[in-house]
Each structure stands twice: as C-alpha cells, then as structure tokens.
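The data block below is start30.cif; it holds mmCIF, C-alpha atoms.
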```
data_structure
loop_
_atom_site.label_atom_id
_atom_site.label_comp_id
_atom_site.auth_asym_id
_atom_site.auth_seq_id
_atom_site.Cartn_x
_atom_site.Cartn_y
_atom_site.Cartn_z
CA MET A 1 -27.05 38.58 -2.37
CA THR A 2 -27.24 39.92 -5.88
CA ILE A 3 -28.50 37.44 -8.46
CA ASN A 4 -28.28 38.51 -12.10
CA GLY A 5 -28.05 42.14 -11.02
CA THR A 6 -31.10 42.01 -8.77
CA GLU A 7 -30.92 42.13 -5.00
CA VAL A 8 -32.48 39.01 -3.49
CA SER A 9 -32.88 38.91 0.26
CA SER A 10 -34.41 36.20 2.37
CA ASP A 11 -33.95 34.72 5.83
CA VAL A 12 -32.95 31.10 5.43
CA GLU A 13 -31.56 28.36 7.63
CA PRO A 14 -27.75 28.19 7.73
CA ARG A 15 -27.94 24.76 6.10
CA THR A 16 -29.71 26.09 2.99
CA LEU A 17 -27.63 25.33 -0.08
CA LEU A 18 -27.04 28.05 -2.65
CA VAL A 19 -28.72 26.01 -5.39
CA HIS A 20 -31.89 25.77 -3.29
CA PHE A 21 -31.78 29.50 -2.56
CA ILE A 22 -31.52 30.23 -6.28
CA ARG A 23 -34.34 27.86 -7.20
CA GLU A 24 -36.70 28.46 -4.27
CA GLN A 25 -36.07 31.94 -2.87
CA ALA A 26 -35.14 33.61 -6.18
CA SER A 27 -37.50 31.34 -8.20
CA LEU A 28 -34.89 30.86 -10.90
CA LYS A 29 -35.34 27.28 -12.07
CA GLY A 30 -32.75 27.29 -14.86
CA THR A 31 -30.05 26.02 -12.52
CA ASN A 32 -30.56 22.28 -12.30
CA ILE A 33 -29.75 19.86 -9.51
CA GLY A 34 -28.18 16.72 -10.93
CA CYS A 35 -26.01 14.54 -8.72
CA ASP A 36 -26.25 16.86 -5.70
CA SER A 37 -22.71 15.81 -4.77
CA SER A 38 -20.45 18.22 -6.72
CA SER A 39 -19.69 15.71 -9.47
CA CYS A 40 -21.97 16.43 -12.42
CA GLY A 41 -21.79 20.22 -12.77
CA ALA A 42 -25.49 20.71 -13.65
CA CYS A 43 -25.80 23.29 -10.85
CA THR A 44 -22.81 25.38 -12.02
CA ILE A 45 -23.31 29.12 -11.56
CA HIS A 46 -20.91 32.06 -11.29
CA LEU A 47 -20.03 33.33 -7.83
CA ASN A 48 -18.21 36.64 -8.16
CA GLY A 49 -17.51 35.78 -11.79
CA GLU A 50 -16.09 32.28 -11.30
CA SER A 51 -17.78 28.96 -11.99
CA VAL A 52 -18.77 27.05 -8.86
CA LYS A 53 -21.07 24.14 -8.09
CA SER A 54 -23.96 25.66 -6.19
CA CYS A 55 -24.93 22.34 -4.55
CA THR A 56 -21.70 22.56 -2.54
CA VAL A 57 -21.93 26.17 -1.39
CA LEU A 58 -24.09 27.37 1.49
CA ALA A 59 -26.40 30.25 0.67
CA ALA A 60 -24.86 31.97 3.71
CA GLN A 61 -21.43 31.82 2.05
CA ALA A 62 -22.83 33.81 -0.87
CA ASP A 63 -24.41 36.42 1.40
CA GLY A 64 -23.67 39.85 -0.08
CA GLN A 65 -21.89 38.35 -3.11
CA GLU A 66 -22.60 38.49 -6.85
CA VAL A 67 -24.28 35.45 -8.37
CA THR A 68 -24.95 34.91 -12.06
CA THR A 69 -27.16 32.11 -13.32
CA ILE A 70 -28.08 30.97 -16.81
CA GLU A 71 -31.04 33.40 -16.76
CA GLY A 72 -28.62 36.31 -16.38
CA LEU A 73 -26.73 35.78 -19.61
CA ALA A 74 -29.04 36.88 -22.42
CA ASP A 75 -29.64 40.55 -23.16
CA GLY A 76 -33.37 40.58 -23.77
CA GLU A 77 -33.97 38.49 -26.89
CA THR A 78 -30.26 38.44 -27.74
CA LEU A 79 -28.54 35.31 -26.54
CA HIS A 80 -25.09 35.35 -24.95
CA PRO A 81 -22.47 34.31 -27.58
CA MET A 82 -21.96 31.01 -25.72
CA GLN A 83 -25.69 30.28 -25.76
CA GLU A 84 -25.77 31.16 -29.46
CA ALA A 85 -22.83 28.84 -30.16
CA PHE A 86 -24.54 25.99 -28.28
CA ARG A 87 -27.67 26.57 -30.40
CA GLU A 88 -25.80 26.75 -33.68
CA CYS A 89 -23.63 23.70 -32.98
CA HIS A 90 -26.55 21.67 -31.61
CA ALA A 91 -24.52 21.20 -28.43
CA LEU A 92 -27.39 19.70 -26.48
CA GLN A 93 -29.90 16.93 -26.64
CA CYS A 94 -31.97 16.54 -23.49
CA GLY A 95 -30.67 19.87 -22.18
CA TYR A 96 -30.38 18.95 -18.53
CA CYS A 97 -26.63 19.59 -18.31
CA THR A 98 -26.79 22.64 -20.59
CA PRO A 99 -27.19 25.52 -18.09
CA GLY A 100 -24.24 24.26 -16.05
CA MET A 101 -22.24 23.47 -19.16
CA VAL A 102 -22.75 27.01 -20.55
CA MET A 103 -21.79 28.62 -17.23
CA ALA A 104 -18.66 26.44 -16.94
CA ALA A 105 -17.73 27.19 -20.56
CA ILE A 106 -17.98 30.97 -20.08
CA SER A 107 -15.80 30.78 -16.97
CA LEU A 108 -13.30 28.66 -18.89
CA LEU A 109 -13.00 31.25 -21.67
CA ASP A 110 -12.55 34.01 -19.08
CA GLU A 111 -9.44 32.16 -17.90
CA VAL A 112 -8.26 30.71 -21.21
CA PRO A 113 -9.59 32.97 -23.99
CA ASN A 114 -8.27 30.90 -26.91
CA PRO A 115 -8.23 27.30 -25.75
CA THR A 116 -7.16 24.24 -27.71
CA GLU A 117 -9.63 21.40 -28.07
CA LEU A 118 -7.79 19.55 -25.29
CA GLU A 119 -8.01 22.59 -23.00
CA VAL A 120 -11.77 22.76 -23.61
CA ARG A 121 -12.18 19.07 -22.83
CA GLU A 122 -10.09 19.38 -19.65
CA GLY A 123 -11.76 22.65 -18.70
CA LEU A 124 -15.17 21.00 -18.82
CA GLU A 125 -14.14 17.91 -16.86
CA GLY A 126 -16.41 18.98 -14.03
CA ASN A 127 -19.53 18.79 -16.19
CA LEU A 128 -21.15 15.53 -17.24
CA CYS A 129 -23.34 15.10 -20.31
CA ARG A 130 -25.00 11.76 -20.81
CA CYS A 131 -26.44 12.48 -24.30
CA THR A 132 -24.07 14.19 -26.67
CA GLY A 133 -20.74 12.47 -26.23
CA TYR A 134 -19.40 16.02 -25.78
CA HIS A 135 -18.38 16.45 -29.43
CA ASN A 136 -20.72 19.32 -30.27
CA ILE A 137 -20.28 20.91 -26.86
CA VAL A 138 -16.54 21.17 -27.46
CA LYS A 139 -17.26 22.48 -30.95
CA ALA A 140 -19.57 25.17 -29.55
CA VAL A 141 -17.04 26.35 -26.97
CA LEU A 142 -14.33 26.55 -29.62
CA GLN A 143 -16.69 28.49 -31.91
CA ALA A 144 -17.58 30.91 -29.12
CA SER A 145 -13.89 31.47 -28.42
CA GLY A 146 -13.13 32.16 -32.05
CA SER A 147 -10.52 29.40 -31.94
CA GLN A 148 -12.23 27.42 -34.67
CA SER A 149 -11.88 28.55 -38.27
CA MET B 1 -29.25 16.07 0.46
CA ILE B 2 -29.26 18.73 3.13
CA PRO B 3 -26.91 19.01 6.10
CA ALA B 4 -28.14 18.56 9.67
CA ILE B 5 -29.02 21.76 11.51
CA PHE B 6 -26.07 23.82 12.68
CA ASP B 7 -25.29 27.30 13.93
CA TYR B 8 -23.40 29.44 11.38
CA GLN B 9 -20.73 31.88 12.51
CA ARG B 10 -18.78 34.02 10.07
CA ALA B 11 -15.25 35.06 11.03
CA GLU B 12 -14.41 38.61 10.01
CA SER B 13 -10.66 38.33 10.64
CA LYS B 14 -8.02 35.79 11.62
CA ASP B 15 -8.20 36.85 15.27
CA HIS B 16 -11.98 36.62 15.21
CA ALA B 17 -11.72 33.12 13.71
CA ILE B 18 -9.32 32.02 16.45
CA SER B 19 -11.57 33.43 19.17
CA LEU B 20 -14.62 31.66 17.68
CA ILE B 21 -12.70 28.38 17.53
CA SER B 22 -11.51 28.85 21.07
CA GLU B 23 -15.09 29.51 22.19
CA HIS B 24 -16.68 26.53 20.44
CA GLY B 25 -13.80 24.01 20.41
CA ASP B 26 -14.81 20.45 19.65
CA ASP B 27 -18.41 21.39 18.77
CA ALA B 28 -17.25 23.42 15.78
CA LYS B 29 -15.84 22.73 12.33
CA VAL B 30 -14.00 25.34 10.30
CA LEU B 31 -15.47 26.03 6.86
CA ALA B 32 -13.03 27.39 4.27
CA GLY B 33 -13.93 26.58 0.64
CA GLY B 34 -16.31 23.90 1.85
CA HIS B 35 -15.48 21.29 -0.76
CA SER B 36 -14.51 18.65 1.77
CA LEU B 37 -16.74 19.66 4.69
CA ILE B 38 -20.05 20.41 2.92
CA PRO B 39 -20.19 17.02 1.12
CA LEU B 40 -19.50 15.27 4.44
CA MET B 41 -22.27 17.30 6.09
CA LYS B 42 -24.69 16.55 3.24
CA TYR B 43 -24.01 12.83 3.61
CA ARG B 44 -24.47 13.34 7.36
CA LEU B 45 -21.02 11.91 7.98
CA ALA B 46 -20.27 15.14 9.81
CA ALA B 47 -22.78 17.06 11.88
CA PRO B 48 -20.97 19.87 13.70
CA ALA B 49 -23.11 21.97 16.05
CA VAL B 50 -21.32 25.10 14.87
CA VAL B 51 -19.78 25.94 11.50
CA ILE B 52 -17.19 28.72 11.58
CA ASP B 53 -16.89 30.21 8.11
CA VAL B 54 -13.38 31.61 7.56
CA GLY B 55 -13.98 32.01 3.82
CA ARG B 56 -13.79 35.81 3.92
CA VAL B 57 -10.65 36.15 5.98
CA GLU B 58 -8.67 37.67 3.12
CA GLU B 59 -5.56 38.11 5.27
CA LEU B 60 -5.11 34.31 5.08
CA SER B 61 -4.97 34.26 1.27
CA TYR B 62 -1.45 34.95 -0.04
CA VAL B 63 1.71 33.48 -1.53
CA ARG B 64 4.92 35.17 -0.36
CA GLU B 65 8.64 34.51 -0.60
CA GLU B 66 10.20 34.40 2.83
CA GLY B 67 13.88 33.51 2.69
CA ASP B 68 14.28 29.90 1.63
CA PHE B 69 10.61 29.02 1.68
CA LEU B 70 7.28 30.07 0.23
CA ALA B 71 4.68 31.13 2.77
CA ILE B 72 1.21 30.22 1.55
CA GLY B 73 -1.86 31.45 3.41
CA ALA B 74 -4.15 28.58 4.39
CA LEU B 75 -7.10 30.18 2.63
CA THR B 76 -5.34 30.42 -0.75
CA ARG B 77 -7.60 28.77 -3.29
CA HIS B 78 -6.42 25.94 -5.52
CA ARG B 79 -6.91 28.00 -8.67
CA GLU B 80 -4.54 30.67 -7.30
CA ILE B 81 -1.89 28.11 -6.38
CA GLU B 82 -1.93 26.29 -9.72
CA THR B 83 -1.45 29.59 -11.60
CA ASN B 84 0.80 31.50 -9.16
CA GLU B 85 4.22 32.35 -10.63
CA LEU B 86 6.07 31.95 -7.32
CA VAL B 87 4.60 28.47 -6.86
CA LEU B 88 5.22 27.46 -10.49
CA THR B 89 8.86 28.60 -10.25
CA ASN B 90 9.77 27.32 -6.81
CA SER B 91 7.46 24.41 -6.24
CA GLY B 92 6.21 23.05 -9.55
CA LEU B 93 5.18 19.82 -7.85
CA LEU B 94 2.67 21.62 -5.62
CA ALA B 95 1.16 23.42 -8.63
CA ALA B 96 0.93 20.14 -10.59
CA ALA B 97 -0.71 18.24 -7.74
CA THR B 98 -3.14 21.12 -7.12
CA LYS B 99 -4.15 21.16 -10.77
CA GLN B 100 -5.24 17.53 -10.41
CA VAL B 101 -7.70 18.28 -7.61
CA GLY B 102 -11.33 17.80 -8.63
CA ASP B 103 -12.30 20.06 -11.52
CA PRO B 104 -12.19 23.82 -12.27
CA GLN B 105 -15.32 24.59 -10.25
CA VAL B 106 -13.94 22.73 -7.24
CA ARG B 107 -10.58 24.48 -7.60
CA HIS B 108 -12.28 27.90 -7.65
CA ARG B 109 -13.57 27.24 -4.13
CA GLY B 110 -11.28 24.71 -2.48
CA THR B 111 -8.32 25.94 -0.40
CA ILE B 112 -4.91 24.46 0.37
CA GLY B 113 -5.47 24.76 4.11
CA GLY B 114 -8.87 23.10 3.89
CA ALA B 115 -7.50 20.20 1.86
CA LEU B 116 -4.63 19.66 4.32
CA ALA B 117 -6.64 20.09 7.52
CA HIS B 118 -9.14 17.54 6.21
CA GLY B 119 -6.36 14.93 6.46
CA ASP B 120 -7.77 12.71 3.73
CA PRO B 121 -5.39 9.95 2.53
CA ALA B 122 -7.18 10.09 -0.86
CA SER B 123 -6.40 13.78 -1.38
CA ASP B 124 -3.64 14.84 -3.80
CA ILE B 125 -2.26 17.85 -1.93
CA PRO B 126 -1.01 16.13 1.26
CA SER B 127 1.21 13.88 -0.89
CA ALA B 128 2.89 16.95 -2.40
CA ALA B 129 3.24 18.59 1.02
CA LEU B 130 4.95 15.44 2.34
CA ALA B 131 7.29 15.11 -0.66
CA LEU B 132 8.23 18.79 -0.37
CA ARG B 133 8.77 18.56 3.42
CA ALA B 134 6.33 21.40 3.94
CA SER B 135 5.45 22.54 7.43
CA PHE B 136 2.30 24.05 8.86
CA ILE B 137 1.78 27.06 11.09
CA VAL B 138 -1.18 26.70 13.42
CA GLN B 139 -2.50 29.33 15.79
CA SER B 140 -4.70 29.36 18.84
CA SER B 141 -5.57 31.92 21.47
CA SER B 142 -2.47 30.80 23.41
CA GLY B 143 0.00 31.28 20.57
CA GLU B 144 1.39 29.66 17.49
CA ARG B 145 3.36 26.50 16.69
CA GLU B 146 4.90 24.88 13.63
CA ILE B 147 4.13 21.26 12.77
CA THR B 148 6.12 19.31 10.17
CA SER B 149 4.14 17.56 7.45
CA ASP B 150 5.43 14.23 8.83
CA ASP B 151 3.86 14.96 12.22
CA PHE B 152 0.68 16.58 10.90
CA PHE B 153 -1.23 13.61 9.49
CA THR B 154 -2.04 11.30 12.40
CA GLY B 155 -4.83 9.06 11.10
CA PHE B 156 -7.83 8.73 8.78
CA LEU B 157 -9.22 12.29 8.52
CA GLU B 158 -7.23 13.09 11.65
CA THR B 159 -4.46 15.65 12.08
CA ALA B 160 -2.32 17.05 14.87
CA LEU B 161 -4.55 20.15 14.99
CA GLU B 162 -6.06 20.66 18.43
CA PRO B 163 -9.76 21.64 18.62
CA ASP B 164 -8.82 25.26 19.42
CA GLU B 165 -6.21 25.59 16.66
CA LEU B 166 -6.51 27.10 13.19
CA LEU B 167 -4.17 26.19 10.35
CA THR B 168 -3.01 29.58 9.08
CA GLU B 169 0.02 29.07 6.85
CA ILE B 170 1.82 26.41 4.83
CA ARG B 171 5.59 26.76 4.45
CA VAL B 172 7.08 25.09 1.41
CA PRO B 173 10.87 24.98 0.94
CA LYS B 174 11.83 26.73 -2.31
CA MET B 175 13.30 24.14 -4.66
CA PRO B 176 13.49 25.74 -8.10
CA ASP B 177 16.16 23.26 -9.28
CA ALA B 178 14.49 20.05 -8.08
CA THR B 179 12.98 17.70 -10.63
CA TRP B 180 9.58 16.33 -9.84
CA SER B 181 6.60 14.38 -11.11
CA PHE B 182 3.00 14.01 -10.00
CA GLN B 183 1.38 10.70 -10.92
CA LYS B 184 -2.29 9.93 -10.43
CA PHE B 185 -4.16 6.81 -11.42
CA ASN B 186 -7.92 7.02 -11.58
CA ARG B 187 -10.61 5.56 -13.77
CA ARG B 188 -12.39 8.73 -14.87
CA ALA B 189 -11.55 12.41 -15.15
CA GLN B 190 -12.24 14.20 -11.86
CA ASP B 191 -12.26 10.98 -9.77
CA TRP B 192 -10.23 10.65 -6.62
CA ALA B 193 -6.92 8.88 -7.15
CA ILE B 194 -6.98 5.12 -6.65
CA VAL B 195 -3.28 5.64 -6.00
CA GLY B 196 -1.19 8.75 -6.55
CA ALA B 197 2.44 9.70 -6.07
CA SER B 198 4.25 13.01 -5.60
CA VAL B 199 7.92 12.53 -6.48
CA LEU B 200 10.62 15.14 -5.89
CA VAL B 201 14.32 14.66 -6.55
CA SER B 202 17.09 17.15 -5.85
CA GLU B 203 20.84 16.81 -5.44
CA ASN B 204 20.89 15.11 -2.04
CA GLN B 205 17.24 14.62 -1.36
CA CYS B 206 14.34 12.50 -2.48
CA GLY B 207 10.75 13.03 -1.36
CA VAL B 208 7.90 10.70 -2.28
CA GLY B 209 4.39 11.22 -0.90
CA LEU B 210 1.69 8.69 -1.64
CA VAL B 211 -2.07 9.04 -2.09
CA ASN B 212 -4.39 6.32 -0.77
CA MET B 213 -1.62 3.96 0.32
CA ASP B 214 -2.42 3.94 4.03
CA SER B 215 -5.07 5.22 6.42
CA ARG B 216 -3.36 8.63 6.32
CA PRO B 217 -1.20 10.54 3.82
CA VAL B 218 2.25 8.91 3.95
CA ARG B 219 5.77 9.03 2.56
CA ALA B 220 7.49 6.08 0.89
CA THR B 221 10.50 6.27 3.21
CA ALA B 222 12.19 3.02 2.14
CA LEU B 223 11.99 4.07 -1.49
CA GLU B 224 13.34 7.54 -0.68
CA GLN B 225 16.34 6.09 1.18
CA ALA B 226 17.11 3.64 -1.63
CA THR B 227 17.05 6.49 -4.15
CA ILE B 228 19.38 8.60 -2.02
CA ASN B 229 21.70 5.57 -1.80
CA GLY B 230 21.85 5.37 -5.58
CA ALA B 231 19.25 2.75 -6.46
CA SER B 232 17.74 2.90 -9.93
CA ALA B 233 14.09 3.90 -10.41
CA GLU B 234 13.23 0.24 -10.97
CA GLU B 235 15.02 -0.96 -7.83
CA ALA B 236 13.74 1.85 -5.63
CA SER B 237 10.13 1.58 -6.79
CA GLU B 238 10.06 -2.06 -5.62
CA LEU B 239 10.07 -0.59 -2.09
CA ALA B 240 7.17 1.79 -2.74
CA SER B 241 4.71 0.13 -0.35
CA GLU B 242 7.19 -1.14 2.24
CA GLY B 243 5.79 -0.74 5.74
CA LEU B 244 2.48 0.64 4.45
CA GLU B 245 -1.02 -0.74 4.83
CA PRO B 246 -3.04 0.29 1.76
CA PRO B 247 -6.82 -0.04 2.04
CA SER B 248 -8.95 -2.52 0.11
CA ASP B 249 -12.21 -1.12 -1.22
CA LEU B 250 -14.54 -1.19 -4.23
CA ASN B 251 -11.91 0.46 -6.45
CA ALA B 252 -8.92 -1.70 -5.69
CA SER B 253 -7.52 -4.40 -3.42
CA ALA B 254 -4.53 -3.69 -1.20
CA GLU B 255 -2.37 -5.87 -3.49
CA TYR B 256 -3.41 -3.90 -6.57
CA ARG B 257 -2.72 -0.63 -4.79
CA SER B 258 0.79 -1.83 -3.95
CA HIS B 259 1.28 -2.73 -7.61
CA LEU B 260 0.08 0.72 -8.67
CA ALA B 261 2.40 2.38 -6.17
CA ARG B 262 5.36 0.53 -7.70
CA VAL B 263 4.36 1.47 -11.25
CA LEU B 264 3.57 5.11 -10.46
CA THR B 265 6.67 5.77 -8.37
CA LYS B 266 8.86 4.18 -11.06
CA ARG B 267 7.30 6.47 -13.66
CA GLY B 268 7.64 9.41 -11.30
CA LEU B 269 11.29 8.72 -10.57
CA GLU B 270 12.04 8.28 -14.27
CA GLU B 271 10.25 11.52 -15.12
CA SER B 272 12.33 13.18 -12.42
CA GLY B 273 15.50 12.04 -14.17
CA LYS B 274 16.30 8.96 -12.06
#
```

What would the structure in this file look like if it were written as structure tokens?
Amino acid sequence: MTINGTEVSSDVEPRTLLVHFIREQASLKGTNIGCDSSSCGACTIHLNGESVKSCTVLAAQADGQEVTTIEGLADGETLHPMQEAFRECHALQCGYCTPGMVMAAISLLDEVPNPTELEVREGLEGNLCRCTGYHNIVKAVLQASGSQS
Amino acid sequence: MIPAIFDYQRAESKDHAISLISEHGDDAKVLAGGHSLIPLMKYRLAAPAVVIDVGRVEELSYVREEGDFLAIGALTRHREIETNELVLTNSGLLAAATKQVGDPQVRHRGTIGGALAHGDPASDIPSAALALRASFIVQSSSGEREITSDDFFTGFLETALEPDELLTEIRVPKMPDATWSFQKFNRRAQDWAIVGASVLVSENQCGVGLVNMDSRPVRATALEQATINGASAEEASELASEGLEPPSDLNASAEYRSHLARVLTKRGLEESGK
C-alpha cells in the first residue's frame, strides 16, 4: 500500500490490523491505539481520502490503497492548516487523541467545507478527548474552515 | 486485540464472491466494510476459518431507480446512502436511520448489506428496512431468490441467508410522499440504541420497525394495525411492545425498554403527522 506517498510493502498475516501495519511495518508511531474497539477514534487515518478507524480495518483490506497518516500532513516545516489551527487554539492537552482528531477534522471539512459549530461537534462524534472538553478542538476546526470570524 | 488466525480470500467480482462462498460454505464469513465482523473477530466471538473480502466488488455498490422501488447494491456504504439524492427523495427514513449509525468513520466503511446480513437487533438499519417493507435479493451458485424483510431476520444475529448465499441487493419501495420519523434513545453520542424506532406513515399504510425490542429486528405489528384503524398516536403507542420480548441487560430492563418503545413510537407517530 502507499502510506503518505511512499510505497510500503510487507508480507503480513491476514489478521494484521491496519493500525499495527502502520505502526510496526511502516514504523509510523503517530497513529495511536486507544480503545482498540472502534469507539475512541485515536487511530483515525485516511483510507483513499476518507477518515476511517484503522483498528477496525485489516491491513489486507488496504492492500494497494492510499493511506494518509498524521505524519503525511505537514509540508516539511510547514504545518497543515488544521495542525496550525490546533496549535493556535490550544486544542490539545495530553495530545493522545490529537492525531486522530486532526485526521477526522480534515475529512469532515472535505465533506462539509463550512460547517456550523453543531456540525463540527456531530462530525467529531467518533473521536473522544478526555482532557479538553472539546471546546478548543471545535474552535480550531471552525478556524481552519474559515467559518469563524 | 487481534483476531484468531484465518485464511483471507479477496473476491474480484460478484461471481467470484459467490463461487468462493459456495466453495467454503459454513467455514467462511463474508467481509464487506468489516465494522460488524472485525470487532466480533477481535473479541473472538467469531472465528471463521476463511474470510471472503467482497469490499472491492464495485458492481455491488449502486443506488438505482427501478420502477416503483429503489435498488440498492449490498456493498453501498452508509455515507453514500445518507447523502444519495434518490434515497433522500424516495426513502428519507432510510437516510435518517443510516445517518444515526456509529460515527462518520464507521459510516465511511460500513455497508447496508453488511449491517442487514449481520442481523443484529441493536442495529438501526434493519428497523428502517422493516418499516419500509424492503426486500432482499440473495444469490448463490444455483440462482437467486427474493426474501422479504419480515422473513429475513430469524433470530439473534441470524438471518434466512443460507451458507452459500450472498446478499446482493436491497429493494426499497419508493415512498416520496410518506411521512416518517427515526427515533433513537441512547446515553452517549455514537452508542448503540437502547431502543430505537423507525416510523413510516402513508395514506393506507403504517410501518414501525423497532431496535433492541426482541432477540431479532422486529415490527410493532399491533401498533401498526391500530394506526391503520385510526387510533391516535397515544392509543397506538400503548401497543408498541405487544407480543415482543425485549432483552434485559446492563443498559435497561425489559420493562424500561417497553416504556421507551411506547415513548419513542408516540413521538415518531406524532412527528409523522399522526
């Protein structure tokens, strides 16, 4: 499969989960494993451009497909606008949910470019944060969308 | 959590999928979006010897108008259904119920056929299929047959699908003029429904499918008949759990589920103009 534009190839057992392939075979540790049961969203990545929970996808299902992880967003030293908005709005505390939250937020804006606050909150319902109370995360997504004056 | 060891087979076409299923039969499970099957395999509640991945069989992903019904390919993903113009126009209830499944990431992967073939009484989509009187096309190497939604769900996680059959298409009667409501009661965003209700009302018809009110997805037939006979929403909703055996678990007792079914169907009927 292609991960962040780079071809990654490895023979793995059919039962290997995509999140393990990303972390172990591709050595990209930015994608976190949280609940490991498709609830918390910490492992959210993009599969062919759409947000998915990589703990609930087999690596074999992503064979030959395009995967993007949190490491694939920045252009050198220049952060992706969503990463920049998270930094500016202080949209994280411990940071564990952040990679998944950023990936889910980018996918949300791809589908709803100018969301309302409610649409942001509903659009991120698959991602849990146990620190921030979500306020600054929602603020960051609105800022990145340009919906906030 | 990692699934038990299995052999992975990828179907390249519908016919290839049917021949793989025919070859492996009871030893195999069909993998579509994987958002019901993979969690079960991770918890080791399912341990199929063979997993047949139909996820790339693009010919099973479509929404088409065919006369008086919509034909929906079994592999159509939830995200497509909740945003599809034909579905929104002709079957708003199905779009609304689909939009309540899981969360956006889950709906990017999960498929209508997968959700139905899983036969889970806690799932939202079977309730809409029952209310809409949808039917299912299933195919095997010996041909194809149509199963009504009433005959499809036979028990807890059990359906009328034979081991060598693949669910290929869902047929949903077009009802652009029907009024409808989808009601779901849960404690937190993204949770499964404790109880849910799909309510559909048209000129001479009433369809009510319930979530988590029996060991399989069911209709509230007594309530439907009362509504057709002219009962008010309040009167009809009193019959919501008649003849049903809702489960008792950590989330709710059977009595509380019956109470919720009355409240949710009353709201649903009222929202549908009854």

Chain A residues near chain B (6 Å cut-off, all atoms listed in the file) as a ChimeraX atom specification:
/A:14-15,51-52,126

Would you save the residues from that selection as a short mmCIF file (atom, residue, chain, number, x, y, z; two decimals), in the coordinates of the input, using C-alpha atoms?
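Result file follows (out-v8.cif):
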```cif
data_model
loop_
_atom_site.label_atom_id
_atom_site.label_comp_id
_atom_site.auth_asym_id
_atom_site.auth_seq_id
_atom_site.Cartn_x
_atom_site.Cartn_y
_atom_site.Cartn_z
CA PRO A 14 -27.75 28.19 7.73
CA ARG A 15 -27.94 24.76 6.10
CA SER A 51 -17.78 28.96 -11.99
CA VAL A 52 -18.77 27.05 -8.86
CA GLY A 126 -16.41 18.98 -14.03
#
```

Neighbouring residues of region 132-138 of chain B were defined as those with any atom within 8 Å, considering only C-alpha atoms; residues of the same chain fewer than 2 positions away were excluded. Please report them as a list in words.
Ala128, Ala129, Leu130, Ser140, Glu144, Arg145, Glu146, Ile147, Thr148, Ser149, Asp150, Phe152, Leu161, Glu165, Leu166, Leu167, Thr168, Glu169, Ile170, Arg171, Val172, Pro173, Leu200 and Gly207 of chain B

Can you list what the PyMOL selection byres ((chain A and resi 9) around 9) grabs from this structure, as a ChimeraX atom specification?
/A:1-2,7-8,10-11,25-26,63

For Gly95 (chain A), which of A:Lys53, A:His20, A:Lys29, A:Arg130 is the closest residue, counting only C-alpha atoms?
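Closest to Gly95 (chain A), using only C-alpha atoms: A:Arg130.
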
Apply the PyMOL selection byres ((chain B and resi 93) around 9) to the file shown and report the selected residues as a ChimeraX atom specification.
/B:87-88,90-92,94-98,128,131-132,179-182,198-200

Check what the PyMOL selection byres ((chain A and resi 68) around 6) selects in the file above and give those residues as a PyMOL selection string.
chain A and resi 3-4+46+67+69+72

Taking into account all atoms listed in the file, which residue in the set A:Thr44, A:Gln65, A:Asn32, A:Thr98 is nearest to Cys131 (chain A)?
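Of the candidates, the smallest distance to Cys131 (chain A) is held by A:Thr98.
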
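The interatomic distance for the pair CA of Met103 (chain A) and CA of Asn186 (chain B) works out to 26.3 Å.
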
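Atom to atom, CA of His80 (chain A) and CA of Ile137 (chain A) stand 15.3 Å apart.
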
Centre and edge lengths of an axis-aligned box around all listed atoms of region 94-108 of chain A, with 4 Å added on each side, are to be given in Å to one decimal, as lines of an AutoDock Vina configuration file.
```
center_x = -22.6
center_y = 23.8
center_z = -19.8
size_x = 26.7
size_y = 22.4
size_z = 15.4
```

Quick one: distance from CA of His135 (chain A) to CA of Glu80 (chain B) in Å, one decimal?
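Going from CA of His135 (chain A) over to CA of Glu80 (chain B), I get 29.7 Å.
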
When you count all atoms listed in the file, which of these residues is closest to Glu82 (chain B): B:Gly155, B:Gly110, B:Gly268, B:Pro121?
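The answer is B:Gly110, which sits nearest to Glu82 (chain B).
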
Could you list, as number ranges by chain, every residue within 10 Å of Gln183 (chain B), counting all atoms listed in the file and ignoring same-chain residues fewer than 6 positions away?
B: 96-97, 100, 124, 193, 195-199, 210-211, 261, 263-268, 271

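The closest residue to Val201 (chain B), picked from B:Pro176, B:Gly273, B:Gly143, B:Gly230 and counting only C-alpha atoms, is B:Gly273.
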
Given only C-alpha atoms as the counted atoms, nearest of A:Cys35, A:Leu124, A:Ala42, A:Val57 to Leu108 (chain A)
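Smallest separation from Leu108 (chain A) among the options: A:Leu124.
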